[in-house]
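Undergrad: One structure is given below, represented as structure tokens, and several questions about it will come after.
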Amino acid sequence: MTNHTSSSSSDSIGRSTTQASESVSSAAEAQPASSRSAVKDLTTGDPMKLILGFAVPLLGGLLFQQFYNMVDSLIVGRFLGVKALAGVGSTGSINFMIIGFCMGVCNGFAIPLSQQFGARKYAEMRRFFVHSIYLCALFSVVMTTAVCLLCPRILHAMNTPADIYSYAYQYIFLIFLGIPATFLYNLISGAIRALGDSKAPVVFLVISSAVNIVLDLVFILAAHMGVAGAALATVISQLFSGLLSVLYLVRRIELLHIRREEWAFRPHLAKILLVMGVPMGLQYSITAIGSVILQTAVNGLGSVFVAAQTAGGKVSIFFCTPYDALGSTMATWGGQNVGAGRLDRLNKGLKSASILGCSYAVAEFFIMFFFGRQLSSLFLGSATSPEELTLILDSARLFLITNAAFYIPLVFVNVVRFLIQGMGYSGLATLAGVCEMIGRTAAALLLIPRIGYPGACWASPIAWILADAFLLPAYFHVRRKTYAAFGQSRNCP
């Protein structure tokens, strides 16, 4: 049902943008001069150059964000101990499920903006932005209330070990209280990226990351607030980056300056946004359900393996940020080019992004093979016994090597899925999340009981392969539908 609804709405958007592109010379608004230096048109020019130009600044921000997340975990592991690190790490999957939903919804809300920008329909773009604000405010209140009340039940249901439960609760409860700040930053930065500006959000992340690191040191080392200090530092820095984004939008992005009449509520615009945003949010959450089930199984192996999964996961997430940057780039690429009717550029962008991602994946495997153990050791302090440390590091290295061997499938998970989303088919992309959930759930229920921790290492590779088996045929299907919607089927190979 969700998929059918998404496809129908996508077709209507495709038809409206087709009409806009056919009459752009007469109907389009003039782009304000103050916005020209900030936004970027991805509908003309060399795809490889444009994708690199958009993705590299985005990658810089993501790397810095992951860097301060690593510093966060490094400070916790070295100064608060392995139990505290395991407690924080045990919340990673539920954190991803809830916060990932917030991020996914905001990314989905940005798709109509990028499509309308590509079609040069700036007034309609601003109306979509207004309704994104309304919906994010509503989601913030409902989600924060619900997850904070259910937090203890969630941790108990995840079989969180008793010796790390208090750490897990203190950390994740405060992170959930910061959901409104998460919505604020992702809403504004998503809108800015939809207009082709990937540099400004990077600056905000760099500044907020520095703030986070300073606050970590103050709250944990000076104020002795423990893991609660790490969570509070994250929330405050997220809020700070959101406020910086708002300030930048007000001062530099005139295209998103809302006129009085554009604040009027229009149900059909809210419906389109929900059809785009909720499936993308559910994609993260559905994917995370498998991670939650997997984390529950790992929790049952004991806090030592939880620590290994946490240390290896932190290293993996940091080195996998280029795939996330390529994914976000392809969402904007798909949205702008579909909006402009430049359907011939979809395959060109896919090819360029795939070459970039696969080249990096090969290099990354050798980094994980030779240096995975040393990188994981950064998160473990002297409080760990020699025997325990050896087991944790060996397990973390196994996790890293097993995952790195399958990073090429991960490239296509990100590039193809986000391209499909940018084209307006969020429902289909969500089904790829179902495939990932099935893969991780199978590993948790079938592999871990039989082979132990190595089963957890195989969970993500299985999930990526299943997702690709769905995504690749889905892309060619939606491309044909998009060509047909634009009356350009004769150009579709």
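By order in the structure tokens, chains are A, B, ...; within a chain, residues start at 1; ligands start at 1, following the order shown.
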Just the residues within 7 Å of range 47-62 of chain A, please, counting only C-alpha atoms, with nothing from its chain fewer than 5 positions along; format it as a PyMOL selection string.
TA: chain A and resi 42+198-199+202+205-206+321-322+325-326+329+348-349+352
Undergrad: Name all residues at most 7 Å from Met97 in chain A (count only C-alpha atoms; drop same-chain ones fewer than 4 positions away) and give them as a PDB file with N, CA, C and O atoms, in the first residue's frame.
TA:
```
ATOM      1  N   SER A  93      21.923   0.948  18.042  1.00  0.00           N
ATOM      2  CA  SER A  93      20.897   0.541  17.083  1.00  0.00           C
ATOM      3  C   SER A  93      19.571   1.244  17.327  1.00  0.00           C
ATOM      4  O   SER A  93      18.910   1.691  16.386  1.00  0.00           O
ATOM      5  N   PHE A 101      15.133   7.921  11.797  1.00  0.00           N
ATOM      6  CA  PHE A 101      13.814   8.277  11.281  1.00  0.00           C
ATOM      7  C   PHE A 101      13.705   9.789  11.094  1.00  0.00           C
ATOM      8  O   PHE A 101      13.200  10.261  10.071  1.00  0.00           O
ATOM      9  N   TYR A 284      15.046   4.122   7.289  1.00  0.00           N
ATOM     10  CA  TYR A 284      16.057   4.072   8.338  1.00  0.00           C
ATOM     11  C   TYR A 284      15.585   3.214   9.504  1.00  0.00           C
ATOM     12  O   TYR A 284      16.343   2.393  10.041  1.00  0.00           O
ATOM     13  N   SER A 285      14.329   3.416   9.909  1.00  0.00           N
ATOM     14  CA  SER A 285      13.826   2.708  11.079  1.00  0.00           C
ATOM     15  C   SER A 285      13.682   1.215  10.825  1.00  0.00           C
ATOM     16  O   SER A 285      14.005   0.392  11.687  1.00  0.00           O
ATOM     17  N   ALA A 288      16.925  -0.251  10.880  1.00  0.00           N
ATOM     18  CA  ALA A 288      17.416  -0.284  12.254  1.00  0.00           C
ATOM     19  C   ALA A 288      16.737  -1.370  13.086  1.00  0.00           C
ATOM     20  O   ALA A 288      17.313  -1.826  14.080  1.00  0.00           O
ATOM     21  N   ILE A 289      15.522  -1.770  12.692  1.00  0.00           N
ATOM     22  CA  ILE A 289      14.873  -2.859  13.435  1.00  0.00           C
ATOM     23  C   ILE A 289      15.741  -4.106  13.394  1.00  0.00           C
ATOM     24  O   ILE A 289      15.928  -4.797  14.399  1.00  0.00           O
TER      25      ILE A 289
END
```
Undergrad: Rank A:Pro180, A:Pro409, A:Gly424, A:Gly281 by their smallest atom-to-atom distance to Gly357 in chain A, using only C-alpha atoms, and report the top residue only.
TA: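 Residue with the minimum atom-to-atom distance to Gly357 in chain A: A:Pro409.
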Undergrad: Can you check which parts of range 168-216 of chain A lie within 9 Å of range 109-124 of chain A? Per residue, the shortest pair of atoms and distance in Å to one decimal, counting only C-alpha atoms, sorted by chain and number, as a tab-separated table.
TA:
```
residue	atom	partner	partner_atom	distance
A:Leu187	CA	A:Ala110	CA	7.8
A:Gly190	CA	A:Ala110	CA	5.6
A:Ala191	CA	A:Ala110	CA	5.4
A:Ile192	CA	A:Ala110	CA	8.7
A:Arg193	CA	A:Ala110	CA	8.1
A:Ala194	CA	A:Ser114	CA	4.5
A:Leu195	CA	A:Ser114	CA	6.0
A:Gly196	CA	A:Ser114	CA	8.2
```
Undergrad: Filtering to N, CA, C and O atoms, could you give me those residues as a CSV table (one decimal), in the first residue's frame?
TA:
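Wrote again_29.csv, looks like this:
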```
chain,number,residue,atom,x,y,z
A,187,LEU,N,16.3,19.5,9.0
A,187,LEU,CA,15.3,20.2,8.1
A,187,LEU,C,16.0,21.3,7.3
A,187,LEU,O,15.9,21.4,6.1
A,190,GLY,N,18.9,20.0,5.0
A,190,GLY,CA,18.4,19.3,3.9
A,190,GLY,C,17.8,20.3,2.8
A,190,GLY,O,18.0,20.1,1.6
A,191,ALA,N,17.2,21.3,3.3
A,191,ALA,CA,16.6,22.3,2.4
A,191,ALA,C,17.8,23.1,1.6
A,191,ALA,O,17.7,23.3,0.4
A,192,ILE,N,18.8,23.4,2.3
A,192,ILE,CA,20.0,24.1,1.7
A,192,ILE,C,20.6,23.1,0.7
A,192,ILE,O,21.0,23.6,-0.4
A,193,ARG,N,20.8,21.9,1.0
A,193,ARG,CA,21.4,20.9,0.1
A,193,ARG,C,20.5,20.7,-1.1
A,193,ARG,O,21.0,20.5,-2.2
A,194,ALA,N,19.2,20.8,-0.9
A,194,ALA,CA,18.3,20.6,-2.1
A,194,ALA,C,18.5,21.6,-3.2
A,194,ALA,O,18.3,21.4,-4.3
A,195,LEU,N,19.0,22.8,-2.8
A,195,LEU,CA,19.3,23.9,-3.7
A,195,LEU,C,20.7,23.8,-4.2
A,195,LEU,O,21.2,24.7,-4.9
A,196,GLY,N,21.4,22.7,-3.9
A,196,GLY,CA,22.8,22.5,-4.4
A,196,GLY,C,23.9,23.0,-3.6
A,196,GLY,O,25.1,22.9,-4.0
```
Undergrad: Give me, please, the distance in Å between CA of Val362 in chain A and CA of Val415 in chain A, quoted to one decimal.
TA: 16.4 Å
Undergrad: One decimal, in Å: what's the spacing between CA of Thr310 in chain A and CA of Val82 in chain A?
TA: 10.2 Å
Undergrad: Which neighbours of Gly229 in chain A fall inside 9 Å, counting only C-alpha atoms, when residues of the same chain fewer than 2 positions from it are skipped, and could you give them as a list of chain:residue names?
TA: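 Here the answer would be A:Tyr171, A:Leu215, A:Asp216, A:Leu217, A:Val218, A:Phe219, A:Ile220, A:Ala223, A:His224, A:Met225, A:Gly226, A:Val227, A:Ala231, A:Leu232, A:Ala233, A:Thr234.
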Undergrad: Please, could you write that set of residues out with all heavy atoms as a short mmCIF file (atom, residue, chain, number, x, y, z; two decimals), in the first residue's frame?
TA:
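Okay, selection.cif is ready:
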```cif
data_model
loop_
_atom_site.label_atom_id
_atom_site.label_comp_id
_atom_site.auth_asym_id
_atom_site.auth_seq_id
_atom_site.Cartn_x
_atom_site.Cartn_y
_atom_site.Cartn_z
N TYR A 171 22.50 7.77 28.87
CA TYR A 171 22.93 8.31 27.58
C TYR A 171 21.76 8.48 26.62
O TYR A 171 21.52 9.57 26.09
CB TYR A 171 23.99 7.39 26.97
CG TYR A 171 24.55 7.91 25.66
CD1 TYR A 171 25.55 8.87 25.65
CD2 TYR A 171 24.08 7.44 24.44
CE1 TYR A 171 26.06 9.37 24.46
CE2 TYR A 171 24.58 7.92 23.25
CZ TYR A 171 25.58 8.88 23.26
OH TYR A 171 26.07 9.36 22.08
N LEU A 215 32.82 20.50 24.90
CA LEU A 215 31.83 20.18 25.93
C LEU A 215 32.04 18.79 26.50
O LEU A 215 31.80 18.56 27.69
CB LEU A 215 30.42 20.32 25.35
CG LEU A 215 29.97 21.74 25.00
CD1 LEU A 215 28.56 21.73 24.41
CD2 LEU A 215 30.02 22.63 26.24
N ASP A 216 32.47 17.84 25.66
CA ASP A 216 32.81 16.50 26.18
C ASP A 216 33.87 16.61 27.27
O ASP A 216 33.73 16.01 28.35
CB ASP A 216 33.35 15.62 25.04
CG ASP A 216 32.25 14.85 24.34
OD1 ASP A 216 31.20 14.62 24.96
OD2 ASP A 216 32.45 14.47 23.18
N LEU A 217 34.92 17.33 26.99
CA LEU A 217 36.01 17.48 27.95
C LEU A 217 35.54 18.18 29.22
O LEU A 217 35.90 17.79 30.34
CB LEU A 217 37.16 18.25 27.31
CG LEU A 217 37.84 17.57 26.11
CD1 LEU A 217 38.84 18.50 25.45
CD2 LEU A 217 38.53 16.28 26.56
N VAL A 218 34.70 19.20 29.04
CA VAL A 218 34.21 19.95 30.20
C VAL A 218 33.27 19.09 31.04
O VAL A 218 33.42 18.98 32.27
CB VAL A 218 33.50 21.24 29.75
CG1 VAL A 218 32.81 21.92 30.94
CG2 VAL A 218 34.49 22.20 29.11
N PHE A 219 32.28 18.47 30.39
CA PHE A 219 31.25 17.73 31.12
C PHE A 219 31.78 16.42 31.72
O PHE A 219 31.38 16.03 32.82
CB PHE A 219 30.07 17.42 30.21
CG PHE A 219 29.27 18.64 29.81
CD1 PHE A 219 28.48 18.63 28.67
CD2 PHE A 219 29.32 19.80 30.56
CE1 PHE A 219 27.75 19.74 28.29
CE2 PHE A 219 28.60 20.93 30.20
CZ PHE A 219 27.81 20.90 29.06
N ILE A 220 32.67 15.73 30.99
CA ILE A 220 33.14 14.42 31.46
C ILE A 220 34.35 14.55 32.38
O ILE A 220 34.38 13.96 33.47
CB ILE A 220 33.47 13.51 30.26
CG1 ILE A 220 32.20 13.20 29.46
CG2 ILE A 220 34.12 12.21 30.73
CD1 ILE A 220 32.44 12.38 28.21
N ALA A 223 33.49 18.38 34.91
CA ALA A 223 32.26 18.34 35.70
C ALA A 223 31.92 16.94 36.19
O ALA A 223 30.99 16.79 37.00
CB ALA A 223 31.10 18.89 34.87
N HIS A 224 32.63 15.91 35.71
CA HIS A 224 32.42 14.51 36.15
C HIS A 224 30.96 14.08 35.99
O HIS A 224 30.38 13.46 36.90
CB HIS A 224 32.86 14.33 37.61
CG HIS A 224 34.28 14.76 37.86
ND1 HIS A 224 35.36 14.06 37.39
CD2 HIS A 224 34.77 15.84 38.52
CE1 HIS A 224 36.48 14.66 37.75
NE2 HIS A 224 36.16 15.76 38.43
N MET A 225 30.38 14.37 34.83
CA MET A 225 28.98 14.04 34.58
C MET A 225 28.80 12.65 33.96
O MET A 225 27.67 12.22 33.72
CB MET A 225 28.36 15.09 33.66
CG MET A 225 28.26 16.48 34.28
SD MET A 225 27.62 17.73 33.12
CE MET A 225 25.96 17.10 32.84
N GLY A 226 29.90 11.96 33.67
CA GLY A 226 29.82 10.62 33.13
C GLY A 226 29.23 10.59 31.73
O GLY A 226 29.37 11.54 30.95
N VAL A 227 28.53 9.49 31.39
CA VAL A 227 27.98 9.35 30.04
C VAL A 227 26.88 10.37 29.78
O VAL A 227 26.62 10.74 28.63
CB VAL A 227 27.45 7.92 29.80
CG1 VAL A 227 28.58 6.91 29.83
CG2 VAL A 227 26.37 7.56 30.79
N ALA A 231 26.23 12.71 26.31
CA ALA A 231 24.95 12.89 25.63
C ALA A 231 24.56 14.36 25.59
O ALA A 231 24.10 14.88 24.55
CB ALA A 231 23.87 12.08 26.33
N LEU A 232 24.74 15.06 26.70
CA LEU A 232 24.38 16.48 26.76
C LEU A 232 25.22 17.29 25.79
O LEU A 232 24.72 18.21 25.14
CB LEU A 232 24.55 17.00 28.19
CG LEU A 232 24.05 18.41 28.48
CD1 LEU A 232 22.56 18.51 28.18
CD2 LEU A 232 24.33 18.80 29.92
N ALA A 233 26.50 16.96 25.67
CA ALA A 233 27.37 17.66 24.73
C ALA A 233 26.88 17.47 23.30
O ALA A 233 26.90 18.40 22.49
CB ALA A 233 28.80 17.15 24.87
N THR A 234 26.43 16.26 22.97
CA THR A 234 25.93 15.98 21.63
C THR A 234 24.67 16.79 21.32
O THR A 234 24.54 17.38 20.24
CB THR A 234 25.63 14.48 21.48
OG1 THR A 234 26.84 13.74 21.66
CG2 THR A 234 25.05 14.17 20.11
#
```
Undergrad: Please determine, counting only C-alpha atoms, which residue among A:Leu74, A:Leu375, A:Leu350, A:Leu243 has the shortest atom-to-atom distance to Pro201 in chain A.
TA: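 Using only C-alpha atoms, Pro201 in chain A sits closest to A:Leu243.
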Undergrad: Tell me, as a JSON list (two decimals) with N, CA and C atoms, in the first residue's frame, which residues lie within 7 Å of Ala459 in chain A, counting only C-alpha atoms; anything in the same chain fewer than 6 positions away does not count.
TA:
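Written output follows (out-v4.json):
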```json
[["chain", "number", "residue", "atom", "x", "y", "z"],
["A", 439, "GLY", "N", 18.02, -9.40, 6.40],
["A", 439, "GLY", "CA", 19.38, -9.92, 6.47],
["A", 439, "GLY", "C", 19.95, -9.90, 7.88],
["A", 440, "ARG", "N", 19.80, -8.77, 8.57],
["A", 440, "ARG", "CA", 20.36, -8.67, 9.93],
["A", 440, "ARG", "C", 19.58, -9.53, 10.91],
["A", 443, "ALA", "N", 20.72, -13.10, 10.56],
["A", 443, "ALA", "CA", 22.01, -13.31, 11.22],
["A", 443, "ALA", "C", 21.83, -13.42, 12.73]]
```
Undergrad: Which one is closest to Ile172 in chain A: A:Gly89, A:Gly422, A:Gly341, A:Gly100? Count only C-alpha atoms.
TA: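 Using only C-alpha atoms, the shortest distance to Ile172 in chain A belongs to A:Gly89.
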Undergrad: What does the distance from CA of Asp344 in chain A to CA of Phe418 in chain A come to in Å, to one decimal?
TA: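 So the answer is 17.4 Å.
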Undergrad: Can you work out which one of A:Arg127, A:Ala264, A:Gly302, A:Ala157 has the shortest atom-to-atom distance to Glu388 in chain A, counting only C-alpha atoms?
TA: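 Closest candidate: A:Gly302.
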Undergrad: Between A:Ala331, A:Ala456, A:Ile175, A:Val71, single out the one closest to Ala297 in chain A, counting only C-alpha atoms.
TA: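 For Ala297 in chain A, the nearest of the candidates is A:Ala456.
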Undergrad: I'd like to know which residues of range 138-175 of chain A are alpha helix (DSSP H) (by DSSP, run on the backbone); could you write them as a PyMOL selection string?
TA: chain A and resi 138-157+165-175
Undergrad: Grab the residues selected above and save them as a short mmCIF file (atom, residue, chain, number, x, y, z; two decimals), in the first residue's frame with N, CA, C and O atoms.
TA:
```cif
data_model
loop_
_atom_site.label_atom_id
_atom_site.label_comp_id
_atom_site.auth_asym_id
_atom_site.auth_seq_id
_atom_site.Cartn_x
_atom_site.Cartn_y
_atom_site.Cartn_z
N LEU A 138 5.52 19.03 14.43
CA LEU A 138 4.59 18.02 14.94
C LEU A 138 5.33 16.73 15.30
O LEU A 138 5.13 16.17 16.39
N PHE A 139 6.17 16.25 14.39
CA PHE A 139 6.94 15.03 14.65
C PHE A 139 7.81 15.18 15.89
O PHE A 139 7.96 14.23 16.68
N SER A 140 8.41 16.35 16.08
CA SER A 140 9.32 16.57 17.21
C SER A 140 8.60 16.36 18.54
O SER A 140 9.11 15.67 19.42
N VAL A 141 7.43 16.96 18.67
CA VAL A 141 6.69 16.87 19.93
C VAL A 141 6.25 15.43 20.19
O VAL A 141 6.44 14.89 21.30
N VAL A 142 5.65 14.81 19.19
CA VAL A 142 5.11 13.45 19.37
C VAL A 142 6.22 12.44 19.64
O VAL A 142 6.13 11.63 20.58
N MET A 143 7.28 12.48 18.86
CA MET A 143 8.35 11.49 19.01
C MET A 143 9.11 11.66 20.32
O MET A 143 9.43 10.67 20.98
N THR A 144 9.43 12.89 20.69
CA THR A 144 10.18 13.10 21.92
C THR A 144 9.41 12.58 23.12
O THR A 144 9.96 11.89 23.99
N THR A 145 8.13 12.89 23.17
CA THR A 145 7.29 12.42 24.28
C THR A 145 7.22 10.90 24.33
O THR A 145 7.41 10.28 25.39
N ALA A 146 6.99 10.29 23.19
CA ALA A 146 6.78 8.84 23.14
C ALA A 146 8.05 8.07 23.51
O ALA A 146 8.01 7.18 24.37
N VAL A 147 9.17 8.38 22.89
CA VAL A 147 10.37 7.57 23.11
C VAL A 147 10.97 7.79 24.49
O VAL A 147 11.55 6.86 25.07
N CYS A 148 10.82 9.00 25.04
CA CYS A 148 11.34 9.22 26.39
C CYS A 148 10.55 8.42 27.42
O CYS A 148 11.11 7.86 28.36
N LEU A 149 9.23 8.34 27.24
CA LEU A 149 8.40 7.55 28.15
C LEU A 149 8.68 6.05 28.02
O LEU A 149 8.62 5.31 29.01
N LEU A 150 8.98 5.60 26.81
CA LEU A 150 9.18 4.17 26.56
C LEU A 150 10.62 3.72 26.71
O LEU A 150 10.92 2.54 26.56
N CYS A 151 11.53 4.63 27.00
CA CYS A 151 12.96 4.33 27.02
C CYS A 151 13.32 3.12 27.90
O CYS A 151 14.02 2.22 27.45
N PRO A 152 12.86 3.06 29.17
CA PRO A 152 13.23 1.89 30.00
C PRO A 152 12.74 0.57 29.41
O PRO A 152 13.46 -0.43 29.43
N ARG A 153 11.53 0.56 28.89
CA ARG A 153 10.98 -0.67 28.31
C ARG A 153 11.79 -1.11 27.09
O ARG A 153 12.00 -2.30 26.87
N ILE A 154 12.22 -0.12 26.30
CA ILE A 154 13.01 -0.45 25.11
C ILE A 154 14.32 -1.12 25.50
O ILE A 154 14.71 -2.15 24.93
N LEU A 155 15.02 -0.56 26.49
CA LEU A 155 16.30 -1.12 26.90
C LEU A 155 16.14 -2.51 27.50
O LEU A 155 16.97 -3.40 27.29
N HIS A 156 15.08 -2.72 28.28
CA HIS A 156 14.83 -4.06 28.84
C HIS A 156 14.50 -5.05 27.72
O HIS A 156 14.96 -6.20 27.74
N ALA A 157 13.71 -4.62 26.75
CA ALA A 157 13.35 -5.50 25.65
C ALA A 157 14.57 -5.89 24.81
O ALA A 157 14.60 -6.97 24.21
N TYR A 165 23.46 -1.29 32.10
CA TYR A 165 22.13 -0.71 31.90
C TYR A 165 22.08 0.77 32.28
O TYR A 165 21.53 1.59 31.54
N SER A 166 22.63 1.13 33.43
CA SER A 166 22.54 2.52 33.90
C SER A 166 23.24 3.47 32.93
O SER A 166 22.76 4.57 32.67
N TYR A 167 24.37 3.02 32.38
CA TYR A 167 25.06 3.85 31.40
C TYR A 167 24.20 4.04 30.15
O TYR A 167 24.11 5.15 29.60
N ALA A 168 23.60 2.95 29.70
CA ALA A 168 22.78 3.01 28.49
C ALA A 168 21.59 3.94 28.68
O ALA A 168 21.28 4.76 27.80
N TYR A 169 20.94 3.85 29.83
CA TYR A 169 19.74 4.67 30.06
C TYR A 169 20.09 6.15 30.15
O TYR A 169 19.43 6.99 29.53
N GLN A 170 21.13 6.48 30.92
CA GLN A 170 21.51 7.89 31.06
C GLN A 170 21.82 8.50 29.70
O GLN A 170 21.42 9.64 29.42
N TYR A 171 22.50 7.77 28.87
CA TYR A 171 22.93 8.31 27.58
C TYR A 171 21.76 8.48 26.62
O TYR A 171 21.52 9.57 26.09
N ILE A 172 21.00 7.42 26.39
CA ILE A 172 20.00 7.46 25.34
C ILE A 172 18.81 8.33 25.71
O ILE A 172 18.17 8.94 24.84
N PHE A 173 18.49 8.45 27.01
CA PHE A 173 17.37 9.30 27.41
C PHE A 173 17.64 10.76 27.04
O PHE A 173 16.78 11.45 26.51
N LEU A 174 18.86 11.21 27.31
CA LEU A 174 19.20 12.59 26.97
C LEU A 174 19.28 12.80 25.46
O LEU A 174 18.89 13.86 24.95
N ILE A 175 19.77 11.79 24.74
CA ILE A 175 19.79 11.89 23.28
C ILE A 175 18.38 12.04 22.73
O ILE A 175 18.12 12.86 21.83
#
```
Undergrad: Using only C-alpha atoms, find the one residue out of A:Pro267, A:Gly372, A:Pro473, A:Gly178 that sits nearest to Ile98 in chain A.
TA: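 For Ile98 in chain A, the nearest of the candidates is A:Gly178.
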Undergrad: Give me the residues near range 460-468 of chain A as a PyMOL selection string, where near means some atom within 10 Å (using only C-alpha atoms) and where sequence neighbours in that chain fewer than 5 positions away do not count.
TA: chain A and resi 287+290-291+294+399+402-414+416-417+429+431-443+455+473-474
